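J.: Below is the file input38.tsv, which contains TSV, C-alpha atoms.
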chain	number	residue	atom	x	y	z
A	191	MET	CA	-12.23	21.42	34.82
A	192	ARG	CA	-11.32	20.23	31.37
A	193	ALA	CA	-8.52	18.15	30.02
A	194	LYS	CA	-6.22	19.90	27.64
A	195	ASN	CA	-7.92	19.74	24.30
A	196	SER	CA	-6.50	21.78	21.50
A	197	GLY	CA	-9.11	20.56	19.05
A	198	LYS	CA	-6.45	19.52	16.60
A	199	HIS	CA	-7.61	15.91	16.60
A	200	SER	CA	-11.20	15.95	15.59
A	201	TYR	CA	-11.39	12.16	15.18
A	202	THR	CA	-10.21	11.82	18.74
A	203	ALA	CA	-13.00	14.00	19.97
A	204	LYS	CA	-15.62	12.08	17.99
A	205	ALA	CA	-14.42	8.73	19.23
A	206	GLY	CA	-14.46	10.09	22.75
A	207	VAL	CA	-11.04	8.78	23.69
A	208	THR	CA	-7.93	10.93	23.47
A	209	ILE	CA	-4.73	9.59	21.99
A	210	ASP	CA	-2.21	12.40	22.06
A	211	ALA	CA	1.56	12.87	21.89
A	212	ASP	CA	1.42	14.36	25.41
A	213	LEU	CA	0.34	10.93	26.62
A	214	VAL	CA	3.07	8.98	24.84
A	215	ILE	CA	6.49	8.19	26.26
A	216	THR	CA	9.01	6.61	23.90
A	217	HIS	CA	12.32	5.19	25.11
A	218	LEU	CA	10.80	4.81	28.53
A	219	ARG	CA	13.50	3.64	30.92
A	220	VAL	CA	12.09	1.80	33.88
A	221	THR	CA	13.13	-1.21	35.90
A	222	ASN	CA	9.77	-2.66	36.85
A	223	TYR	CA	6.11	-2.48	35.94
A	224	THR	CA	5.23	-0.19	38.81
A	225	GLU	CA	7.59	2.45	37.45
A	226	ALA	CA	6.19	2.01	33.95
A	227	ILE	CA	2.60	2.45	35.10
A	228	SER	CA	3.56	5.36	37.37
A	229	ALA	CA	5.28	7.27	34.56
A	230	LEU	CA	2.24	6.92	32.30
A	231	ALA	CA	-0.26	7.65	35.06
A	232	GLU	CA	1.62	10.85	35.81
A	233	ARG	CA	1.06	12.02	32.23
A	234	LEU	CA	-2.64	11.28	32.47
A	235	SER	CA	-2.81	13.08	35.78
A	236	GLN	CA	-0.75	16.10	34.64
A	237	HIS	CA	-3.04	16.66	31.69
A	238	GLY	CA	-6.21	16.26	33.69
A	239	TYR	CA	-7.53	12.94	32.41
A	240	VAL	CA	-7.71	11.07	35.72
A	241	THR	CA	-8.42	11.72	39.38
A	242	ALA	CA	-5.94	11.44	42.23
A	243	GLY	CA	-6.65	7.81	43.11
A	244	PHE	CA	-6.04	6.50	39.59
A	245	LEU	CA	-2.44	5.32	39.97
A	246	GLU	CA	-3.12	3.52	43.21
A	247	ALA	CA	-6.21	1.85	41.74
A	248	VAL	CA	-4.33	0.69	38.64
A	249	LEU	CA	-1.44	-0.73	40.68
A	250	LYS	CA	-3.81	-2.51	43.01
A	251	ARG	CA	-5.69	-4.01	40.13
A	252	GLU	CA	-2.53	-4.98	38.28
A	253	ALA	CA	-1.29	-6.84	41.37
A	254	SER	CA	-4.42	-8.98	41.62
A	255	GLN	CA	-5.54	-9.07	37.95
A	256	PRO	CA	-2.41	-8.73	35.83
A	257	THR	CA	-2.78	-7.49	32.28
A	258	GLY	CA	0.30	-8.71	30.41
A	259	LEU	CA	-0.72	-10.29	27.10
A	260	PRO	CA	1.45	-13.03	25.53
A	261	LEU	CA	1.55	-11.71	21.98
A	262	PRO	CA	4.02	-13.55	19.75
A	263	ASP	CA	6.71	-10.95	19.07
A	264	ILE	CA	6.02	-8.12	21.45
A	265	PRO	CA	4.23	-8.79	24.72
A	266	VAL	CA	2.14	-5.81	25.77
A	267	ALA	CA	0.24	-4.88	28.91
A	268	ILE	CA	-3.06	-3.05	29.19
A	269	PRO	CA	-3.25	-1.86	32.81
A	270	HIS	CA	-6.43	-0.03	33.78
A	271	ALA	CA	-8.61	0.93	36.72
A	272	GLU	CA	-12.27	1.20	37.47
A	273	ALA	CA	-14.18	3.83	35.52
A	274	GLU	CA	-14.65	6.12	38.52
A	275	TYR	CA	-11.04	7.38	38.31
A	276	CYS	CA	-11.39	8.59	34.74
A	277	LYS	CA	-12.29	12.23	34.16
A	278	VAL	CA	-11.74	12.33	30.40
A	279	PRO	CA	-11.19	9.07	28.49
A	280	ALA	CA	-7.67	8.65	27.15
A	281	ILE	CA	-4.98	6.10	26.46
A	282	ALA	CA	-1.37	6.68	27.55
A	283	VAL	CA	1.29	4.65	25.80
A	284	GLY	CA	4.81	3.79	26.88
A	285	ILE	CA	7.37	2.17	24.60
A	286	LEU	CA	10.03	0.68	26.81
A	287	ASP	CA	13.74	0.80	26.11
A	288	GLN	CA	14.13	-2.51	27.90
A	289	PRO	CA	11.27	-4.91	28.63
A	290	VAL	CA	9.99	-5.20	32.19
A	291	GLN	CA	8.09	-8.12	33.65
A	292	PHE	CA	4.31	-7.83	33.94
A	293	GLY	CA	2.09	-10.52	35.35
A	294	GLU	CA	0.39	-12.56	32.64
A	295	MET	CA	-3.34	-12.07	32.24
A	296	GLY	CA	-5.05	-15.31	33.16
A	297	GLY	CA	-1.70	-16.95	33.81
A	298	ASP	CA	-0.68	-19.03	36.80
A	299	SER	CA	0.04	-16.83	39.77
A	300	GLY	CA	3.57	-15.57	39.42
A	301	SER	CA	3.90	-16.12	35.66
A	302	THR	CA	5.26	-13.01	33.99
A	303	LEU	CA	5.98	-11.66	30.51
A	304	PRO	CA	8.71	-9.31	29.26
A	305	VAL	CA	6.44	-6.45	28.22
A	306	GLN	CA	7.74	-3.89	25.74
A	307	ILE	CA	4.73	-1.66	25.14
A	308	VAL	CA	2.30	-0.51	27.82
A	309	PHE	CA	-1.16	0.85	27.05
A	310	LEU	CA	-2.52	2.51	30.18
A	311	LEU	CA	-6.25	2.84	29.71
A	312	ALA	CA	-8.34	5.55	31.35
A	313	LEU	CA	-11.85	4.77	30.20
A	314	ASN	CA	-15.05	5.84	31.83
A	315	ASN	CA	-17.79	3.36	31.21
A	316	PRO	CA	-18.13	-0.38	30.65
A	317	ASP	CA	-19.30	-0.09	27.04
A	318	GLN	CA	-16.32	2.06	26.22
A	319	GLN	CA	-13.98	-0.40	27.93
A	320	VAL	CA	-15.35	-3.23	25.84
A	321	GLU	CA	-15.21	-1.25	22.62
A	322	TRP	CA	-11.65	-0.13	23.17
A	323	LEU	CA	-10.46	-3.50	24.30
A	324	GLN	CA	-11.78	-4.85	21.01
A	325	ARG	CA	-10.05	-2.13	19.05
A	326	LEU	CA	-6.78	-2.83	20.82
A	327	VAL	CA	-7.18	-6.57	20.25
A	328	LEU	CA	-7.65	-5.96	16.53
A	329	LEU	CA	-4.51	-3.83	16.52
A	330	PHE	CA	-2.53	-6.46	18.44
A	331	GLN	CA	-3.62	-9.17	16.04
A	332	GLN	CA	-2.52	-7.42	12.88
A	333	PRO	CA	0.88	-8.74	11.90
A	334	GLY	CA	3.70	-6.25	12.10
A	335	LEU	CA	1.80	-3.34	13.60
A	336	LEU	CA	3.32	-3.60	17.07
A	337	GLN	CA	6.76	-4.13	15.55
A	338	HIS	CA	6.31	-0.91	13.63
A	339	LEU	CA	4.98	0.92	16.66
A	340	LYS	CA	7.92	-0.17	18.77
A	341	GLN	CA	10.37	1.31	16.33
A	342	LEU	CA	8.84	4.77	16.38
A	343	SER	CA	10.87	7.16	18.48
A	344	GLN	CA	8.82	10.33	18.15
A	345	GLU	CA	5.89	10.76	20.49
A	346	ASP	CA	3.73	12.44	17.88
A	347	ALA	CA	4.45	9.67	15.37
A	348	VAL	CA	3.27	7.10	17.91
A	349	ALA	CA	0.10	9.05	18.61
A	350	ALA	CA	-0.61	9.51	14.90
A	351	PHE	CA	-0.01	5.81	14.20
A	352	LEU	CA	-2.34	4.75	16.99
A	353	ARG	CA	-5.03	7.21	15.97
A	354	GLU	CA	-4.85	5.85	12.46
A	355	HIS	CA	-5.24	2.27	13.60
A	356	LEU	CA	-7.51	2.65	16.63
A	357	LEU	CA	-9.94	5.39	15.76
A	358	PRO	CA	-12.83	4.91	13.41
A	359	LYS	CA	-12.45	6.83	10.17
A	360	ARG	CA	-15.94	8.18	10.59
A	361	PRO	CA	-18.30	7.75	13.50
A	362	GLU	CA	-20.89	5.91	11.40
A	363	GLU	CA	-18.32	3.30	10.44
A	364	GLN	CA	-17.83	2.16	13.99
A	365	GLN	CA	-20.00	-0.89	13.48
A	366	LYS	CA	-18.30	-3.13	11.00
A	367	PRO	CA	-20.27	-5.99	9.52
A	368	GLY	CA	-18.88	-9.44	9.98
A	369	GLY	CA	-15.57	-9.95	11.66
A	370	ALA	CA	-12.32	-11.77	11.04
B	106	MET	CA	-31.43	-32.99	21.24
B	107	ALA	CA	-29.48	-32.06	24.32
B	108	ASN	CA	-30.52	-29.21	26.54
B	109	ALA	CA	-28.88	-25.86	26.01
B	110	LYS	CA	-25.42	-25.78	27.53
B	111	ARG	CA	-24.47	-23.19	30.09
B	112	ILE	CA	-21.17	-21.42	29.77
B	113	LEU	CA	-19.70	-19.05	32.32
B	114	ILE	CA	-17.24	-16.41	31.16
B	115	VAL	CA	-15.03	-15.17	34.01
B	116	CYS	CA	-12.84	-12.08	34.14
B	117	GLY	CA	-11.50	-9.70	36.74
B	118	THR	CA	-14.35	-7.25	36.71
B	119	ALA	CA	-16.93	-8.99	34.50
B	120	ILE	CA	-16.74	-6.04	32.15
B	121	ALA	CA	-14.22	-5.80	29.40
B	122	THR	CA	-12.37	-9.01	28.66
B	123	SER	CA	-15.29	-11.23	29.54
B	124	THR	CA	-17.55	-9.32	27.18
B	125	VAL	CA	-15.09	-9.62	24.32
B	126	VAL	CA	-14.59	-13.32	25.03
B	127	ALA	CA	-18.33	-13.87	25.37
B	128	MET	CA	-18.91	-12.40	21.92
B	129	LYS	CA	-16.27	-14.67	20.40
B	130	VAL	CA	-17.69	-17.73	22.13
B	131	GLU	CA	-21.16	-16.81	20.95
B	132	GLU	CA	-19.93	-16.60	17.35
B	133	LEU	CA	-18.20	-19.95	17.73
B	134	LEU	CA	-21.31	-21.68	19.06
B	135	LYS	CA	-23.47	-20.20	16.35
B	136	LYS	CA	-21.04	-21.49	13.75
B	137	HIS	CA	-21.32	-24.99	15.21
B	138	GLY	CA	-25.05	-24.82	15.77
B	139	ILE	CA	-24.70	-25.32	19.52
B	140	ARG	CA	-27.35	-23.81	21.72
B	141	ALA	CA	-25.94	-22.32	24.86
B	142	GLU	CA	-26.62	-19.77	27.52
B	143	ILE	CA	-23.65	-17.53	28.18
B	144	ARG	CA	-23.24	-15.81	31.52
B	145	ARG	CA	-20.50	-13.60	32.81
B	146	CYS	CA	-19.13	-13.06	36.27
B	147	MET	CA	-16.16	-11.74	38.22
B	148	THR	CA	-13.41	-13.98	39.52
B	149	SER	CA	-14.65	-13.58	43.06
B	150	GLU	CA	-18.07	-14.95	42.08
B	151	ALA	CA	-16.76	-17.83	40.00
B	152	LEU	CA	-16.92	-20.55	42.62
B	153	THR	CA	-20.59	-19.96	43.38
B	154	ALA	CA	-21.54	-19.27	39.79
B	155	SER	CA	-19.81	-22.43	38.56
B	156	LYS	CA	-22.28	-24.71	40.35
B	157	ASP	CA	-24.77	-24.89	37.53
B	158	VAL	CA	-22.72	-24.44	34.39
B	159	ASP	CA	-21.14	-26.92	31.98
B	160	LEU	CA	-18.00	-25.00	31.19
B	161	ILE	CA	-15.97	-21.99	32.26
B	162	VAL	CA	-13.99	-19.80	29.88
B	163	ALA	CA	-11.77	-17.46	31.91
B	164	THR	CA	-9.35	-14.61	31.38
B	165	THR	CA	-8.17	-14.79	34.99
B	166	GLN	CA	-7.11	-17.55	37.33
B	167	VAL	CA	-10.22	-19.30	38.55
B	168	PRO	CA	-10.38	-21.11	41.90
B	169	ALA	CA	-10.67	-24.90	41.75
B	170	VAL	CA	-14.11	-25.81	40.43
B	171	ASP	CA	-15.81	-29.01	39.31
B	172	VAL	CA	-16.30	-28.03	35.67
B	173	PRO	CA	-13.74	-27.70	32.88
B	174	VAL	CA	-11.97	-24.34	32.79
B	175	ILE	CA	-10.59	-23.14	29.47
B	176	SER	CA	-8.43	-20.03	29.04
B	177	GLY	CA	-10.10	-17.26	27.05
B	178	ILE	CA	-6.83	-15.38	26.56
B	179	PRO	CA	-6.38	-16.67	22.98
B	180	PHE	CA	-9.50	-14.69	22.05
B	181	ILE	CA	-7.70	-11.56	23.24
B	182	THR	CA	-4.26	-12.24	21.78
B	183	GLY	CA	-5.36	-14.07	18.63
B	184	ILE	CA	-2.82	-16.81	19.32
B	185	GLY	CA	-4.05	-20.37	19.62
B	186	THR	CA	-7.63	-19.42	18.82
B	187	ASP	CA	-8.17	-22.58	16.75
B	188	ARG	CA	-7.05	-24.80	19.58
B	189	VAL	CA	-9.14	-23.09	22.22
B	190	GLU	CA	-12.18	-23.14	19.94
B	191	LYS	CA	-11.75	-26.90	19.54
B	192	GLU	CA	-11.38	-27.31	23.30
B	193	ILE	CA	-14.61	-25.46	23.89
B	194	ILE	CA	-16.53	-27.46	21.31
B	195	ASP	CA	-15.09	-30.74	22.58
B	196	ALA	CA	-15.91	-29.85	26.17
B	197	LEU	CA	-19.50	-28.99	25.26
B	198	GLN	CA	-19.91	-32.17	23.28
B	199	GLY	CA	-18.70	-34.21	26.24
B	200	LYS	CA	-15.37	-35.20	24.81
B	201	VAL	CA	-13.40	-33.97	27.78
B	202	LYS	CA	-10.60	-36.31	28.69
B	203	SER	CA	-10.04	-35.40	32.32
Would you mind giving the structure from this file in structure tokens?
T.:
Amino acid sequence: MRAKNSGKHSYTAKAGVTIDADLVITHLRVTNYTEAISALAERLSQHGYVTAGFLEAVLKREASQPTGLPLPDIPVAIPHAEAEYCKVPAIAVGILDQPVQFGEMGGDSGSTLPVQIVFLLALNNPDQQVEWLQRLVLLFQQPGLLQHLKQLSQEDAVAAFLREHLLPKRPEEQQKPGGA
Amino acid sequence: MANAKRILIVCGTAIATSTVVAMKVEELLKKHGIRAEIRRCMTSEALTASKDVDLIVATTQVPAVDVPVISGIPFITGIGTDRVEKEIIDALQGKVKS
């Protein structure tokens, strides 16, 4: 069984992680983090990226190891599950109409953040998890990018924006010298 | 010269965030010329693994341990990185107040 792959995003295929309009929900109206994660997990499931236990695994993990990140303007969350639930690597993104509270990563138990953008990660091996966490961190740390993302209302615009900022331009450029 | 320090990086699964934080800590130590051994572990292993380290940098809540625990979240969010870098250096150089 294969995930839907129209072949229209060749960079996506090369990077091995799909970022597609089908996996984006803008103006997501939910009242708590469980609903937010469920809505995004359903997209991943519908399109064949994850196995049946994915949602449950993500919710369980989120309850014990919350993933809300205290970014200055727009707190985000990066819920995820163990690699075994991923069939085809992908990232689903929800831009919330109204923030919902997510537990804060590394925070005191019970501390929460009003999260506005959720990146639900379905990644299938530890190296990929590390690589994509780094890519997301770089995106989060660039001033104004999340603000811009939050204002996009079209799913395909969100997907295009994220592909532009998260995917390597060419596979051989994945390793960048230096940092900062 | 002091012996190499031992730093434990703790995260939920010992995969993603701890690896990213470990790389940042490694860069930091290199910059300051501090020799250290960096290990990673999951939250559930932290108590045992903390017994022979000098410092813990964590992206999750860590149970009460006898060594300084510093939050590694700034390495993920980019906020307060300077301060946390100073905390780590100070802790390794024995300037911990507590």
J.: Counting only C-alpha atoms, a student should be able to say which residues of chain B come within 7 Å of chain A; what is the right answer, written as a ChimeraX atom specification?
T.: /B:117,120-121,124-125,164-166,178,181-183
J.: So the first atom is CA of Pro269 (chain A) and the second is CA of Thr186 (chain B); what is the distance between them in Å, to one decimal place?
T.: 22.9 Å
J.: If you count all atoms listed in the file, which residues fall within 12 Å of Cys146 (chain B), apart from same-chain ones fewer than 4 positions away, as a list in words?
T.: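 These residues fall inside the cut-off: Ile112, Leu113, Ile114, Val115, Cys116, Gly117, Thr118, Ala119, Ile120, Ala121, Thr122, Ser123, Thr124, Ala127, Glu150, Ala151, Leu152, Thr153, Ala154, Ser155, Ile161, Val162, Ala163, Thr164, Thr165 and Val167 of chain B.
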J.: Could you state the separation of CA of Ala273 (chain A) and CA of Met147 (chain B) in Å, given to one decimal place?
T.: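 Computing it gives 15.9 Å between the two atoms.
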J.: Quick check, in Å to one decimal: how far apart do CA of Ala141 (chain B) and CA of Pro179 (chain B) lie?
T.: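 One can read the CA of Ala141 (chain B) to CA of Pro179 (chain B) distance as 20.4 Å.
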J.: Counting all atoms listed in the file, which residues sit no farther than 12 Å from the position (2.4, 4.6, 39.2) in the file's frame? I'd like them as an MDAnalysis selection string.
T.: chainID A and resid 220 222:235 242:252 269:271 310
J.: Nearest residue to Gln198 (chain B) out of B:Ile143, B:Leu160, B:Val126, B:Ala169, using only C-alpha atoms?
T.: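 The answer is B:Leu160, which sits nearest to Gln198 (chain B).
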J.: For Asp346 (chain A), find every residue with an atom within 8 Å (counting only C-alpha atoms), except residues of its own chain fewer than 3 positions away, and show them as a PyMOL selection string.
T.: chain A and resi 210-211+214+349-350
J.: Can those selected residues be exported to a file as an mmCIF file, in the coordinates of the input so that it contains C-alpha atoms?
T.:
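Okay, out25.cif is ready:
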data_model
loop_
_atom_site.group_PDB
_atom_site.id
_atom_site.type_symbol
_atom_site.label_atom_id
_atom_site.label_comp_id
_atom_site.auth_asym_id
_atom_site.auth_seq_id
_atom_site.Cartn_x
_atom_site.Cartn_y
_atom_site.Cartn_z
ATOM 1 C CA ASP A 210 -2.210 12.400 22.060
ATOM 2 C CA ALA A 211 1.560 12.870 21.890
ATOM 3 C CA VAL A 214 3.070 8.980 24.840
ATOM 4 C CA ALA A 349 0.100 9.050 18.610
ATOM 5 C CA ALA A 350 -0.610 9.510 14.900
#
J.: Hey, what's within 8 Å of Tyr239 (chain A) if we count only C-alpha atoms and toss same-chain stuff fewer than 3 positions away? As a PyMOL selection string, please?
T.: chain A and resi 193+234-236+276-280+312
J.: Contacts of region 338-344 of chain A at 6 Å or less, counting all atoms listed in the file, minus same-chain residues fewer than 3 places along, as a list in words?
T.: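 Neighbouring residues, sequence-local ones excluded: Thr216, Leu335 and Ala347 of chain A.
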J.: I need the residue nearest Val305 (chain A) from this list: A:Thr221, A:Ala253, A:Val348, A:His355. Use only C-alpha atoms for the distance.
T.: A:Thr221
